Structures are given as structure tokens and as C-alpha cells.
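Asks: What follows is input-v3.tsv, TSV, N, CA and C atoms and all ligand atoms.
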```tsv
chain	number	residue	atom	x	y	z
G	406	MET	N	17.38	125.70	241.39
G	406	MET	CA	17.02	124.29	241.68
G	406	MET	C	15.80	123.89	240.87
G	407	ALA	N	15.78	122.66	240.42
G	407	ALA	CA	14.64	122.18	239.63
G	407	ALA	C	13.35	122.27	240.44
G	408	GLY	N	12.27	122.61	239.74
G	408	GLY	CA	10.97	122.67	240.40
G	408	GLY	C	10.63	124.02	240.99
G	409	GLU	N	11.57	124.95	240.92
G	409	GLU	CA	11.33	126.28	241.53
G	409	GLU	C	10.29	127.08	240.76
G	410	PRO	N	9.55	127.96	241.45
G	410	PRO	CA	8.54	128.79	240.78
G	410	PRO	C	9.18	129.63	239.68
G	411	GLN	N	8.47	129.77	238.59
G	411	GLN	CA	8.94	130.59	237.47
G	411	GLN	C	8.12	131.88	237.42
G	412	PRO	N	8.80	133.02	237.28
G	412	PRO	CA	8.12	134.32	237.39
G	412	PRO	C	7.00	134.54	236.38
G	413	ASP	N	7.13	133.97	235.18
G	413	ASP	CA	6.11	134.22	234.16
G	413	ASP	C	5.12	133.08	234.01
G	414	CYS	N	5.05	132.19	235.00
G	414	CYS	CA	4.19	131.02	234.87
G	414	CYS	C	2.84	131.26	235.55
G	415	LEU	N	1.78	131.14	234.74
G	415	LEU	CA	0.42	131.36	235.25
G	415	LEU	C	0.08	130.42	236.40
G	416	PHE	N	0.45	129.14	236.27
G	416	PHE	CA	0.05	128.18	237.30
G	416	PHE	C	0.90	128.33	238.56
G	417	CYS	N	2.15	128.77	238.44
G	417	CYS	CA	2.92	129.11	239.65
G	417	CYS	C	2.23	130.26	240.39
G	418	LYS	N	1.67	131.21	239.64
G	418	LYS	CA	0.97	132.34	240.27
G	418	LYS	C	-0.31	131.86	240.95
G	419	ILE	N	-0.99	130.89	240.37
G	419	ILE	CA	-2.19	130.34	241.01
G	419	ILE	C	-1.78	129.61	242.30
G	420	VAL	N	-0.70	128.84	242.25
G	420	VAL	CA	-0.21	128.14	243.46
G	420	VAL	C	0.12	129.16	244.56
G	421	ALA	N	0.72	130.27	244.15
G	421	ALA	CA	1.13	131.31	245.12
G	421	ALA	C	-0.05	132.15	245.61
G	422	GLY	N	-1.23	131.98	244.97
G	422	GLY	CA	-2.40	132.77	245.36
G	422	GLY	C	-2.39	134.17	244.76
G	423	GLU	N	-1.50	134.41	243.79
G	423	GLU	CA	-1.42	135.73	243.16
G	423	GLU	C	-2.49	135.92	242.10
G	424	ILE	N	-2.98	134.79	241.56
G	424	ILE	CA	-4.09	134.82	240.60
G	424	ILE	C	-5.16	133.91	241.19
G	425	PRO	N	-6.41	134.40	241.27
G	425	PRO	CA	-7.45	133.59	241.90
G	425	PRO	C	-7.86	132.39	241.04
G	426	ALA	N	-8.31	131.35	241.71
G	426	ALA	CA	-8.82	130.17	241.02
G	426	ALA	C	-9.86	129.53	241.93
G	427	THR	N	-10.77	128.78	241.31
G	427	THR	CA	-11.78	128.06	242.09
G	427	THR	C	-11.18	126.71	242.48
G	428	VAL	N	-10.62	126.69	243.69
G	428	VAL	CA	-9.89	125.51	244.17
G	428	VAL	C	-10.89	124.49	244.69
G	429	VAL	N	-10.72	123.23	244.27
G	429	VAL	CA	-11.61	122.16	244.77
G	429	VAL	C	-10.89	121.23	245.75
G	430	ARG	N	-9.58	121.09	245.62
G	430	ARG	CA	-8.81	120.31	246.59
G	430	ARG	C	-7.41	120.91	246.67
G	431	LYS	N	-6.84	120.81	247.86
G	431	LYS	CA	-5.47	121.30	248.03
G	431	LYS	C	-4.75	120.35	248.97
G	432	THR	N	-3.52	119.98	248.62
G	432	THR	CA	-2.68	119.20	249.53
G	432	THR	C	-1.35	119.94	249.66
G	433	GLU	N	-0.46	119.37	250.45
G	433	GLU	CA	0.85	119.99	250.64
G	433	GLU	C	1.61	120.14	249.32
G	434	ARG	N	1.33	119.24	248.36
G	434	ARG	CA	2.14	119.23	247.13
G	434	ARG	C	1.33	119.38	245.85
G	435	THR	N	-0.02	119.38	245.96
G	435	THR	CA	-0.85	119.48	244.76
G	435	THR	C	-1.97	120.49	244.96
G	436	LEU	N	-2.52	120.94	243.83
G	436	LEU	CA	-3.67	121.85	243.85
G	436	LEU	C	-4.60	121.44	242.72
G	437	ALA	N	-5.89	121.38	243.02
G	437	ALA	CA	-6.89	121.07	241.99
G	437	ALA	C	-7.86	122.24	241.93
G	438	PHE	N	-8.08	122.76	240.71
G	438	PHE	CA	-8.97	123.91	240.55
G	438	PHE	C	-9.70	123.80	239.22
G	439	ARG	N	-10.84	124.51	239.13
G	439	ARG	CA	-11.66	124.41	237.92
G	439	ARG	C	-11.02	125.17	236.76
G	440	ASP	N	-11.07	124.54	235.58
G	440	ASP	CA	-10.56	125.19	234.37
G	440	ASP	C	-11.42	126.41	234.06
G	441	ILE	N	-10.76	127.50	233.66
G	441	ILE	CA	-11.47	128.76	233.40
G	441	ILE	C	-12.35	128.66	232.15
G	442	ALA	N	-12.06	127.74	231.26
G	442	ALA	CA	-12.84	127.55	230.03
G	442	ALA	C	-13.21	126.08	229.90
G	443	PRO	N	-14.16	125.63	230.72
G	443	PRO	CA	-14.43	124.18	230.81
G	443	PRO	C	-14.90	123.57	229.50
G	444	LYS	N	-14.34	122.40	229.17
G	444	LYS	CA	-14.70	121.65	227.95
G	444	LYS	C	-15.69	120.54	228.27
G	445	ALA	N	-16.10	120.42	229.54
G	445	ALA	CA	-17.06	119.40	229.98
G	445	ALA	C	-17.69	119.93	231.26
G	446	PRO	N	-18.84	119.38	231.69
G	446	PRO	CA	-19.49	119.86	232.92
G	446	PRO	C	-18.54	119.87	234.12
G	447	THR	N	-17.72	118.84	234.24
G	447	THR	CA	-16.61	118.89	235.21
G	447	THR	C	-15.31	118.97	234.43
G	448	HIS	N	-14.55	120.04	234.65
G	448	HIS	CA	-13.23	120.18	234.03
G	448	HIS	C	-12.32	120.80	235.08
G	449	VAL	N	-11.53	119.93	235.70
G	449	VAL	CA	-10.65	120.33	236.80
G	449	VAL	C	-9.21	120.08	236.37
G	450	LEU	N	-8.32	120.99	236.74
G	450	LEU	CA	-6.89	120.83	236.50
G	450	LEU	C	-6.22	120.45	237.82
G	451	VAL	N	-5.40	119.42	237.80
G	451	VAL	CA	-4.66	119.02	239.00
G	451	VAL	C	-3.18	119.27	238.70
G	452	ILE	N	-2.57	120.10	239.53
G	452	ILE	CA	-1.19	120.52	239.27
G	452	ILE	C	-0.31	120.30	240.50
G	453	PRO	N	1.00	120.12	240.27
G	453	PRO	CA	1.93	120.11	241.41
G	453	PRO	C	2.26	121.55	241.80
G	454	HIS	N	2.58	121.79	243.06
G	454	HIS	CA	3.04	123.13	243.46
G	454	HIS	C	4.36	123.45	242.76
G	455	VAL	N	5.20	122.43	242.60
G	455	VAL	CA	6.50	122.65	241.96
G	455	VAL	C	6.32	122.84	240.45
G	456	HIS	N	7.24	123.58	239.86
G	456	HIS	CA	7.16	123.88	238.43
G	456	HIS	C	8.02	122.93	237.60
G	457	TYR	N	7.36	122.17	236.74
G	457	TYR	CA	8.04	121.41	235.67
G	457	TYR	C	7.22	121.65	234.42
G	458	PRO	N	7.88	121.69	233.25
G	458	PRO	CA	7.17	122.12	232.05
G	458	PRO	C	6.11	121.14	231.54
G	459	ASN	N	6.23	119.88	231.92
G	459	ASN	CA	5.23	118.91	231.45
G	459	ASN	C	5.26	117.69	232.36
G	460	ALA	N	4.33	116.77	232.10
G	460	ALA	CA	4.15	115.60	232.98
G	460	ALA	C	5.38	114.70	233.01
G	461	ALA	N	6.01	114.50	231.86
G	461	ALA	CA	7.16	113.60	231.82
G	461	ALA	C	8.33	114.17	232.61
G	462	ALA	N	8.54	115.49	232.51
G	462	ALA	CA	9.62	116.13	233.26
G	462	ALA	C	9.35	116.02	234.76
G	463	LEU	N	8.09	116.21	235.15
G	463	LEU	CA	7.73	116.05	236.57
G	463	LEU	C	7.98	114.61	237.02
G	464	ALA	N	7.51	113.65	236.23
G	464	ALA	CA	7.64	112.24	236.61
G	464	ALA	C	9.11	111.82	236.70
G	465	ALA	N	9.94	112.38	235.81
G	465	ALA	CA	11.36	112.03	235.83
G	465	ALA	C	12.04	112.57	237.08
G	466	ALA	N	11.65	113.80	237.48
G	466	ALA	CA	12.33	114.46	238.60
G	466	ALA	C	11.69	114.10	239.94
G	467	GLU	N	10.35	114.02	239.97
G	467	GLU	CA	9.65	113.84	241.24
G	467	GLU	C	8.49	112.85	241.04
G	468	PRO	N	8.83	111.57	240.87
G	468	PRO	CA	7.80	110.58	240.54
G	468	PRO	C	6.69	110.45	241.57
G	469	GLU	N	7.02	110.69	242.84
G	469	GLU	CA	5.96	110.59	243.87
G	469	GLU	C	4.89	111.64	243.65
G	470	ILE	N	5.31	112.83	243.29
G	470	ILE	CA	4.33	113.90	243.06
G	470	ILE	C	3.50	113.60	241.82
G	471	ALA	N	4.15	113.04	240.79
G	471	ALA	CA	3.39	112.66	239.59
G	471	ALA	C	2.29	111.66	239.97
G	472	GLY	N	2.62	110.71	240.84
G	472	GLY	CA	1.63	109.75	241.31
G	472	GLY	C	0.53	110.43	242.12
G	473	GLU	N	0.91	111.43	242.89
G	473	GLU	CA	-0.09	112.15	243.70
G	473	GLU	C	-1.10	112.88	242.81
G	474	LEU	N	-0.67	113.37	241.65
G	474	LEU	CA	-1.62	114.03	240.75
G	474	LEU	C	-2.72	113.04	240.36
G	475	LEU	N	-2.32	111.81	240.06
G	475	LEU	CA	-3.32	110.79	239.66
G	475	LEU	C	-4.24	110.46	240.83
G	476	ALA	N	-3.66	110.32	242.02
G	476	ALA	CA	-4.49	110.00	243.19
G	476	ALA	C	-5.45	111.14	243.49
G	477	GLU	N	-4.97	112.36	243.38
G	477	GLU	CA	-5.84	113.52	243.63
G	477	GLU	C	-6.95	113.61	242.58
G	478	ALA	N	-6.62	113.32	241.33
G	478	ALA	CA	-7.65	113.33	240.28
G	478	ALA	C	-8.76	112.33	240.63
G	479	GLY	N	-8.37	111.17	241.16
G	479	GLY	CA	-9.36	110.18	241.57
G	479	GLY	C	-10.24	110.70	242.70
G	480	ARG	N	-9.65	111.42	243.63
G	480	ARG	CA	-10.43	111.98	244.75
G	480	ARG	C	-11.37	113.08	244.26
G	481	VAL	N	-10.90	113.91	243.33
G	481	VAL	CA	-11.78	114.94	242.78
G	481	VAL	C	-12.96	114.27	242.07
G	482	ALA	N	-12.67	113.25	241.27
G	482	ALA	CA	-13.75	112.55	240.55
G	482	ALA	C	-14.77	112.01	241.55
G	483	GLU	N	-14.28	111.45	242.64
G	483	GLU	CA	-15.19	110.92	243.67
G	483	GLU	C	-16.02	112.06	244.28
G	484	ASP	N	-15.35	113.15	244.62
G	484	ASP	CA	-16.06	114.31	245.19
G	484	ASP	C	-17.14	114.82	244.24
G	485	GLU	N	-16.86	114.73	242.93
G	485	GLU	CA	-17.80	115.25	241.91
G	485	GLU	C	-18.85	114.21	241.54
G	486	GLY	N	-18.75	113.01	242.14
G	486	GLY	CA	-19.71	111.95	241.85
G	486	GLY	C	-19.53	111.32	240.48
G	487	LEU	N	-18.30	111.35	239.98
G	487	LEU	CA	-18.03	110.83	238.64
G	487	LEU	C	-17.45	109.41	238.71
G	488	ALA	N	-18.10	108.48	238.04
G	488	ALA	CA	-17.52	107.15	237.90
G	488	ALA	C	-16.77	107.04	236.57
G	489	ASP	N	-17.21	107.84	235.60
G	489	ASP	CA	-16.62	107.81	234.25
G	489	ASP	C	-16.01	109.18	233.96
G	490	TYR	N	-14.77	109.17	233.59
G	490	TYR	CA	-14.09	110.45	233.32
G	490	TYR	C	-12.85	110.18	232.52
G	491	ARG	N	-12.26	111.27	232.04
G	491	ARG	CA	-11.04	111.16	231.22
G	491	ARG	C	-9.95	112.01	231.85
G	492	LEU	N	-8.72	111.47	231.88
G	492	LEU	CA	-7.55	112.19	232.38
G	492	LEU	C	-6.60	112.43	231.22
G	493	ILE	N	-6.15	113.67	231.07
G	493	ILE	CA	-5.30	114.02	229.92
G	493	ILE	C	-4.13	114.90	230.37
G	494	PHE	N	-2.94	114.54	229.88
G	494	PHE	CA	-1.77	115.42	229.99
G	494	PHE	C	-1.41	115.85	228.57
G	495	ASN	N	-1.66	117.07	228.18
G	495	ASN	CA	-1.17	117.54	226.89
G	495	ASN	C	0.32	117.85	227.04
G	496	THR	N	1.11	117.44	226.08
G	496	THR	CA	2.55	117.68	226.14
G	496	THR	C	3.02	118.24	224.80
G	497	GLY	N	3.43	119.52	224.81
G	497	GLY	CA	3.90	120.18	223.60
G	497	GLY	C	2.78	120.97	222.93
G	498	ALA	N	3.17	122.10	222.34
G	498	ALA	CA	2.18	122.97	221.69
G	498	ALA	C	1.41	122.23	220.61
G	499	GLY	N	2.07	121.33	219.91
G	499	GLY	CA	1.41	120.58	218.84
G	499	GLY	C	0.35	119.63	219.35
G	500	ALA	N	0.38	119.33	220.64
G	500	ALA	CA	-0.64	118.47	221.26
G	500	ALA	C	-1.65	119.31	222.03
G	501	GLY	N	-1.56	120.63	221.90
G	501	GLY	CA	-2.54	121.51	222.53
G	501	GLY	C	-2.11	122.07	223.88
G	502	GLN	N	-0.85	121.84	224.28
G	502	GLN	CA	-0.42	122.40	225.55
G	502	GLN	C	-0.21	123.90	225.41
G	503	THR	N	-0.83	124.67	226.30
G	503	THR	CA	-0.70	126.13	226.26
G	503	THR	C	-0.07	126.69	227.53
G	504	VAL	N	-0.14	125.93	228.63
G	504	VAL	CA	0.49	126.35	229.88
G	504	VAL	C	1.59	125.34	230.19
G	505	PHE	N	2.82	125.83	230.30
G	505	PHE	CA	3.97	124.93	230.40
G	505	PHE	C	4.40	124.74	231.86
G	506	HIS	N	3.39	124.40	232.67
G	506	HIS	CA	3.54	123.93	234.06
G	506	HIS	C	2.69	122.67	234.09
G	507	ALA	N	3.30	121.54	234.40
G	507	ALA	CA	2.61	120.25	234.31
G	507	ALA	C	1.22	120.31	234.92
G	508	HIS	N	0.24	119.78	234.21
G	508	HIS	CA	-1.13	119.76	234.72
G	508	HIS	C	-1.91	118.61	234.11
G	509	LEU	N	-2.75	118.04	234.96
G	509	LEU	CA	-3.59	116.91	234.56
G	509	LEU	C	-5.02	117.42	234.41
G	510	HIS	N	-5.60	117.23	233.21
G	510	HIS	CA	-7.01	117.58	233.00
G	510	HIS	C	-7.89	116.42	233.45
G	511	LEU	N	-8.89	116.70	234.25
G	511	LEU	CA	-9.95	115.75	234.59
G	511	LEU	C	-11.22	116.26	233.93
G	512	LEU	N	-11.76	115.46	233.01
G	512	LEU	CA	-12.97	115.83	232.27
G	512	LEU	C	-14.04	114.79	232.52
G	513	GLY	N	-15.25	115.26	232.86
G	513	GLY	CA	-16.32	114.31	233.09
G	513	GLY	C	-17.67	114.98	233.12
G	514	GLY	N	-18.71	114.16	233.25
G	514	GLY	CA	-20.07	114.68	233.35
G	514	GLY	C	-20.79	114.70	232.03
G	515	VAL	N	-20.15	114.17	231.01
G	515	VAL	CA	-20.76	114.10	229.69
G	515	VAL	C	-20.23	112.83	229.04
G	516	SER	N	-21.01	112.26	228.12
G	516	SER	CA	-20.54	111.04	227.45
G	516	SER	C	-19.29	111.34	226.61
G	517	MET	N	-18.24	110.58	226.83
G	517	MET	CA	-17.00	110.79	226.07
G	517	MET	C	-16.54	109.45	225.51
G	518	THR	N	-17.45	108.84	224.77
G	518	THR	CA	-17.14	107.48	224.30
G	518	THR	C	-16.39	107.47	222.97
G	519	GLU	N	-16.35	108.63	222.30
G	519	GLU	CA	-15.60	108.63	221.04
G	519	GLU	C	-14.11	108.49	221.34
G	520	ARG	N	-13.44	107.73	220.55
G	520	ARG	CA	-12.01	107.52	220.78
G	520	ARG	C	-11.22	108.70	220.26
G	521	MET	N	-10.22	109.09	221.02
G	521	MET	CA	-9.33	110.17	220.57
G	521	MET	C	-8.00	109.58	220.12
G	522	VAL	N	-7.66	108.43	220.64
G	522	VAL	CA	-6.37	107.81	220.26
G	522	VAL	C	-6.61	106.35	219.91
Q	601	LIG	P1	-3.36	123.00	228.20
Q	601	LIG	O1	-4.01	123.52	226.94
Q	601	LIG	O2	-1.99	123.65	228.43
Q	601	LIG	O3	-3.31	121.50	228.30
Q	601	LIG	O4	-4.31	123.45	229.38
Q	601	LIG	C1	-4.28	124.70	229.96
Q	601	LIG	C2	-5.65	124.93	230.53
Q	601	LIG	O5	-5.58	126.02	231.42
Q	601	LIG	C3	-6.71	125.28	229.47
Q	601	LIG	O6	-7.75	124.30	229.50
Q	601	LIG	C4	-7.19	126.66	229.90
Q	601	LIG	O7	-8.59	126.84	229.74
Q	601	LIG	C5	-6.78	126.73	231.35
Q	601	LIG	N1	-6.51	128.07	231.83
Q	601	LIG	C6	-5.81	129.05	231.17
Q	601	LIG	N2	-5.72	130.16	231.93
Q	601	LIG	C7	-6.39	129.87	233.10
Q	601	LIG	C8	-6.64	130.64	234.30
Q	601	LIG	O8	-6.23	131.79	234.45
Q	601	LIG	N3	-7.35	130.02	235.27
Q	601	LIG	C9	-7.83	128.74	235.14
Q	601	LIG	N4	-8.53	128.23	236.17
Q	601	LIG	N5	-7.59	127.99	234.04
Q	601	LIG	C10	-6.88	128.55	233.03
Q	602	ZN	ZN	4.84	127.05	237.00
```
Take the structure in this file and express it as C-alpha cells.
Replies:
Amino acid sequence: MAGEPQPDCLFCKIVAGEIPATVVRKTERTLAFRDIAPKAPTHVLVIPHVHYPNAAALAAAEPEIAGELLAEAGRVAEDEGLADYRLIFNTGAGAGQTVFHAHLHLLGGVSMTERMV
């Protein structure tokens, strides 16, 4: 069935508690934890418990959960006291995606005014 845990997926293992992570928020369907190699003072990953390889696949199959990732990112930003932050979904190795379980990067705590796109 779509969305099922994948045996070789790092983020499925984090959801299952098999690999430790610094969790900042948890809901029935999402998990937010600190990135192991932060690129900003606040760098949190928000992921669905279900496994989809990228954000578009998640949104196509389970749009409510895709929306919950955005809502959770907003709550993490609030918890971290961030009014200004950046949300990123890397999709594909050529765009820098290294973990193929959909995840939303929340980056903040530093000036990020340079345009990337
Ligand atoms: P991507 O490059 O796929 O968009 O993002 C994957 C992110 O996962 C990277 O920023 C990387 O630092 C982070 N990451 C990789 N392995 C681990 C891990 O074991 N624990 C945590 N918390 N983050 C990880
Ligand atoms: Zn997974």
C-alpha cells in the first residue's frame, strides 16, 4: 500500500524510533526534528509518518498531510520565536535531495535575504 514504511529509509527509521532524533514536535501524522547538520541556527525537518519519496508525491496521494507539514512548520517557527524563515522541499538529487522520504526544511535565525530563485 502507498505510504508504507520502507526498510532502507532513514526517516522511516526515525519515525519508528529506531534511529534517535531531537524531536521538537510530534503529531499523529507528522514529526519535526532538528537536522543533524544544521545550515542555520534553527534547522528543523518536518516529515510525514507515511513514506512518499518527495513532497509532490505526498501531496498527490495525501494532500491533507502535505498541508499539515506546512501548518506544523508554522508552529515550530512560532515555538522557536521566528517571524522570518524559509521553507524548502528539495526534490530530486539534482536539487540536493539526499533522503527520499518527503521532508520540509525550516531554516531561520539568520538573515536569508539573498534570493535563491
Ligand atoms: P535533503 O538534502 O534530502 O533535502 O535533506 C536531508 C537532510 O537530512 C539533510 O539536511 C541532512 O543533514 C539531514 N539528515 C541526514 N541524516 C540525518 C540523521 O540521521 N538525522 C537527522 N536529524 N538529520 C539527518
Ligand atoms: Zn521513509
Asks: Within 6 Å of ligand LIG 601 (chain Q), counting all atoms listed in the file: which residues, as a VMD selection string?
Replies: chain G and resid 426 to 427 438 to 443 494 to 495 501 to 505
Asks: Keeping only N, CA and C atoms, write the selected residues as an mmCIF file, keeping the file's coordinate frame.
Replies:
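And here is the file that came out, part.cif:
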```
data_model
loop_
_atom_site.group_PDB
_atom_site.id
_atom_site.type_symbol
_atom_site.label_atom_id
_atom_site.label_comp_id
_atom_site.auth_asym_id
_atom_site.auth_seq_id
_atom_site.Cartn_x
_atom_site.Cartn_y
_atom_site.Cartn_z
ATOM 1 N N ALA G 426 -8.310 131.350 241.710
ATOM 2 C CA ALA G 426 -8.820 130.170 241.020
ATOM 3 C C ALA G 426 -9.860 129.530 241.930
ATOM 4 N N THR G 427 -10.770 128.780 241.310
ATOM 5 C CA THR G 427 -11.780 128.060 242.090
ATOM 6 C C THR G 427 -11.180 126.710 242.480
ATOM 7 N N PHE G 438 -8.080 122.760 240.710
ATOM 8 C CA PHE G 438 -8.970 123.910 240.550
ATOM 9 C C PHE G 438 -9.700 123.800 239.220
ATOM 10 N N ARG G 439 -10.840 124.510 239.130
ATOM 11 C CA ARG G 439 -11.660 124.410 237.920
ATOM 12 C C ARG G 439 -11.020 125.170 236.760
ATOM 13 N N ASP G 440 -11.070 124.540 235.580
ATOM 14 C CA ASP G 440 -10.560 125.190 234.370
ATOM 15 C C ASP G 440 -11.420 126.410 234.060
ATOM 16 N N ILE G 441 -10.760 127.500 233.660
ATOM 17 C CA ILE G 441 -11.470 128.760 233.400
ATOM 18 C C ILE G 441 -12.350 128.660 232.150
ATOM 19 N N ALA G 442 -12.060 127.740 231.260
ATOM 20 C CA ALA G 442 -12.840 127.550 230.030
ATOM 21 C C ALA G 442 -13.210 126.080 229.900
ATOM 22 N N PRO G 443 -14.160 125.630 230.720
ATOM 23 C CA PRO G 443 -14.430 124.180 230.810
ATOM 24 C C PRO G 443 -14.900 123.570 229.500
ATOM 25 N N PHE G 494 -2.940 114.540 229.880
ATOM 26 C CA PHE G 494 -1.770 115.420 229.990
ATOM 27 C C PHE G 494 -1.410 115.850 228.570
ATOM 28 N N ASN G 495 -1.660 117.070 228.180
ATOM 29 C CA ASN G 495 -1.170 117.540 226.890
ATOM 30 C C ASN G 495 0.320 117.850 227.040
ATOM 31 N N GLY G 501 -1.560 120.630 221.900
ATOM 32 C CA GLY G 501 -2.540 121.510 222.530
ATOM 33 C C GLY G 501 -2.110 122.070 223.880
ATOM 34 N N GLN G 502 -0.850 121.840 224.280
ATOM 35 C CA GLN G 502 -0.420 122.400 225.550
ATOM 36 C C GLN G 502 -0.210 123.900 225.410
ATOM 37 N N THR G 503 -0.830 124.670 226.300
ATOM 38 C CA THR G 503 -0.700 126.130 226.260
ATOM 39 C C THR G 503 -0.070 126.690 227.530
ATOM 40 N N VAL G 504 -0.140 125.930 228.630
ATOM 41 C CA VAL G 504 0.490 126.350 229.880
ATOM 42 C C VAL G 504 1.590 125.340 230.190
ATOM 43 N N PHE G 505 2.820 125.830 230.300
ATOM 44 C CA PHE G 505 3.970 124.930 230.400
ATOM 45 C C PHE G 505 4.400 124.740 231.860
#
```
Asks: Within 7 Å of ligand ZN 602 (chain Q), counting only N, CA and C atoms and all ligand atoms, which protein or nucleic acid residues do you find, written as number ranges by chain?
Replies: G: 409-411, 413-418, 454-457, 505-507
Asks: Distance atom CA of Thr435 of chain G-atom CA of Ala476 of chain G, one decimal place?
Replies: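 Computing it gives 10.3 Å between the two atoms.
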Asks: Based on DSSP run over this structure's backbone, return all residues of chain G in helix (DSSP H, G or I), as a short mmCIF file (atom, residue, chain, number, x, y, z; two decimals) with N, CA and C atoms, keeping the file's coordinate frame.
Replies:
```cif
data_model
loop_
_atom_site.label_atom_id
_atom_site.label_comp_id
_atom_site.auth_asym_id
_atom_site.auth_seq_id
_atom_site.Cartn_x
_atom_site.Cartn_y
_atom_site.Cartn_z
N LEU G 415 1.78 131.14 234.74
CA LEU G 415 0.42 131.36 235.25
C LEU G 415 0.08 130.42 236.40
N PHE G 416 0.45 129.14 236.27
CA PHE G 416 0.05 128.18 237.30
C PHE G 416 0.90 128.33 238.56
N CYS G 417 2.15 128.77 238.44
CA CYS G 417 2.92 129.11 239.65
C CYS G 417 2.23 130.26 240.39
N LYS G 418 1.67 131.21 239.64
CA LYS G 418 0.97 132.34 240.27
C LYS G 418 -0.31 131.86 240.95
N ILE G 419 -0.99 130.89 240.37
CA ILE G 419 -2.19 130.34 241.01
C ILE G 419 -1.78 129.61 242.30
N VAL G 420 -0.70 128.84 242.25
CA VAL G 420 -0.21 128.14 243.46
C VAL G 420 0.12 129.16 244.56
N ALA G 421 0.72 130.27 244.15
CA ALA G 421 1.13 131.31 245.12
C ALA G 421 -0.05 132.15 245.61
N ALA G 460 4.33 116.77 232.10
CA ALA G 460 4.15 115.60 232.98
C ALA G 460 5.38 114.70 233.01
N ALA G 461 6.01 114.50 231.86
CA ALA G 461 7.16 113.60 231.82
C ALA G 461 8.33 114.17 232.61
N ALA G 462 8.54 115.49 232.51
CA ALA G 462 9.62 116.13 233.26
C ALA G 462 9.35 116.02 234.76
N LEU G 463 8.09 116.21 235.15
CA LEU G 463 7.73 116.05 236.57
C LEU G 463 7.98 114.61 237.02
N ALA G 464 7.51 113.65 236.23
CA ALA G 464 7.64 112.24 236.61
C ALA G 464 9.11 111.82 236.70
N ALA G 465 9.94 112.38 235.81
CA ALA G 465 11.36 112.03 235.83
C ALA G 465 12.04 112.57 237.08
N ALA G 466 11.65 113.80 237.48
CA ALA G 466 12.33 114.46 238.60
C ALA G 466 11.69 114.10 239.94
N PRO G 468 8.83 111.57 240.87
CA PRO G 468 7.80 110.58 240.54
C PRO G 468 6.69 110.45 241.57
N GLU G 469 7.02 110.69 242.84
CA GLU G 469 5.96 110.59 243.87
C GLU G 469 4.89 111.64 243.65
N ILE G 470 5.31 112.83 243.29
CA ILE G 470 4.33 113.90 243.06
C ILE G 470 3.50 113.60 241.82
N ALA G 471 4.15 113.04 240.79
CA ALA G 471 3.39 112.66 239.59
C ALA G 471 2.29 111.66 239.97
N GLY G 472 2.62 110.71 240.84
CA GLY G 472 1.63 109.75 241.31
C GLY G 472 0.53 110.43 242.12
N GLU G 473 0.91 111.43 242.89
CA GLU G 473 -0.09 112.15 243.70
C GLU G 473 -1.10 112.88 242.81
N LEU G 474 -0.67 113.37 241.65
CA LEU G 474 -1.62 114.03 240.75
C LEU G 474 -2.72 113.04 240.36
N LEU G 475 -2.32 111.81 240.06
CA LEU G 475 -3.32 110.79 239.66
C LEU G 475 -4.24 110.46 240.83
N ALA G 476 -3.66 110.32 242.02
CA ALA G 476 -4.49 110.00 243.19
C ALA G 476 -5.45 111.14 243.49
N GLU G 477 -4.97 112.36 243.38
CA GLU G 477 -5.84 113.52 243.63
C GLU G 477 -6.95 113.61 242.58
N ALA G 478 -6.62 113.32 241.33
CA ALA G 478 -7.65 113.33 240.28
C ALA G 478 -8.76 112.33 240.63
N GLY G 479 -8.37 111.17 241.16
CA GLY G 479 -9.36 110.18 241.57
C GLY G 479 -10.24 110.70 242.70
N ARG G 480 -9.65 111.42 243.63
CA ARG G 480 -10.43 111.98 244.75
C ARG G 480 -11.37 113.08 244.26
N VAL G 481 -10.90 113.91 243.33
CA VAL G 481 -11.78 114.94 242.78
C VAL G 481 -12.96 114.27 242.07
N ALA G 482 -12.67 113.25 241.27
CA ALA G 482 -13.75 112.55 240.55
C ALA G 482 -14.77 112.01 241.55
N GLU G 483 -14.28 111.45 242.64
CA GLU G 483 -15.19 110.92 243.67
C GLU G 483 -16.02 112.06 244.28
N ASP G 484 -15.35 113.15 244.62
CA ASP G 484 -16.06 114.31 245.19
C ASP G 484 -17.14 114.82 244.24
N ALA G 498 3.17 122.10 222.34
CA ALA G 498 2.18 122.97 221.69
C ALA G 498 1.41 122.23 220.61
N GLY G 499 2.07 121.33 219.91
CA GLY G 499 1.41 120.58 218.84
C GLY G 499 0.35 119.63 219.35
N ALA G 500 0.38 119.33 220.64
CA ALA G 500 -0.64 118.47 221.26
C ALA G 500 -1.65 119.31 222.03
#
```
Asks: Kindly give the distance, in Å, that separates atom CA of Asn459 of chain G and atom CA of Val481 of chain G, rounded to a single decimal.
Replies: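 Going from atom CA of Asn459 of chain G over to atom CA of Val481 of chain G covers 20.8 Å.
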Asks: Report the distance between atom C of Gly479 of chain G and atom N of Pro458 of chain G in Å, rounded to one decimal place.
Replies: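 These two atoms are separated by 23.2 Å.
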Asks: Compile the contact shell of Ala461 of chain G as a PDB file with N, CA and C atoms, in the coordinates of the input: residues with an atom at most 8 Å away, counting all atoms listed in the file, same-chain residues fewer than 5 positions apart removed.
Replies:
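Result file is result.pdb:
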```
ATOM      1  N   ALA G 466      11.650 113.800 237.480  1.00  0.00           N
ATOM      2  CA  ALA G 466      12.330 114.460 238.600  1.00  0.00           C
ATOM      3  C   ALA G 466      11.690 114.100 239.940  1.00  0.00           C
ATOM      4  N   GLU G 467      10.350 114.020 239.970  1.00  0.00           N
ATOM      5  CA  GLU G 467       9.650 113.840 241.240  1.00  0.00           C
ATOM      6  C   GLU G 467       8.490 112.850 241.040  1.00  0.00           C
ATOM      7  N   THR G 496       1.110 117.440 226.080  1.00  0.00           N
ATOM      8  CA  THR G 496       2.550 117.680 226.140  1.00  0.00           C
ATOM      9  C   THR G 496       3.020 118.240 224.800  1.00  0.00           C
ATOM     10  N   ALA G 507       3.300 121.540 234.400  1.00  0.00           N
ATOM     11  CA  ALA G 507       2.610 120.250 234.310  1.00  0.00           C
ATOM     12  C   ALA G 507       1.220 120.310 234.920  1.00  0.00           C
TER      13      ALA G 507
END
```
Asks: If you run DSSP on this backbone, which residues of segment 412-522 of chain G come out as strand (DSSP E), and could you give them as number ranges by chain?
Replies: G: 428-431, 435-439, 447-453, 490-493, 509-513
Asks: Could you check which of G:Ala407, G:Leu512, G:Leu474, G:Leu463 is closest to Ala437 of chain G, using only C-alpha atoms?
Replies: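 Closest candidate: G:Leu474.
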Asks: Pick out the residues sitting within 6 Å of Leu511 of chain G, and hand them over as a list in words; count only N, CA and C atoms, and ignore anything fewer than 4 positions along from it in its own chain.
Replies: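 Everything that qualifies: Thr447, His448, Val449, Leu450, Val451, Arg491, Leu492 and Ile493 of chain G.
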Asks: Counting only N, CA and C atoms, figure out which residue out of G:Thr518, G:His508, G:Glu473, G:Arg430 gets nearest to Ala460 of chain G.
Replies: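 Distance minimum relative to Ala460 of chain G lands on G:His508.
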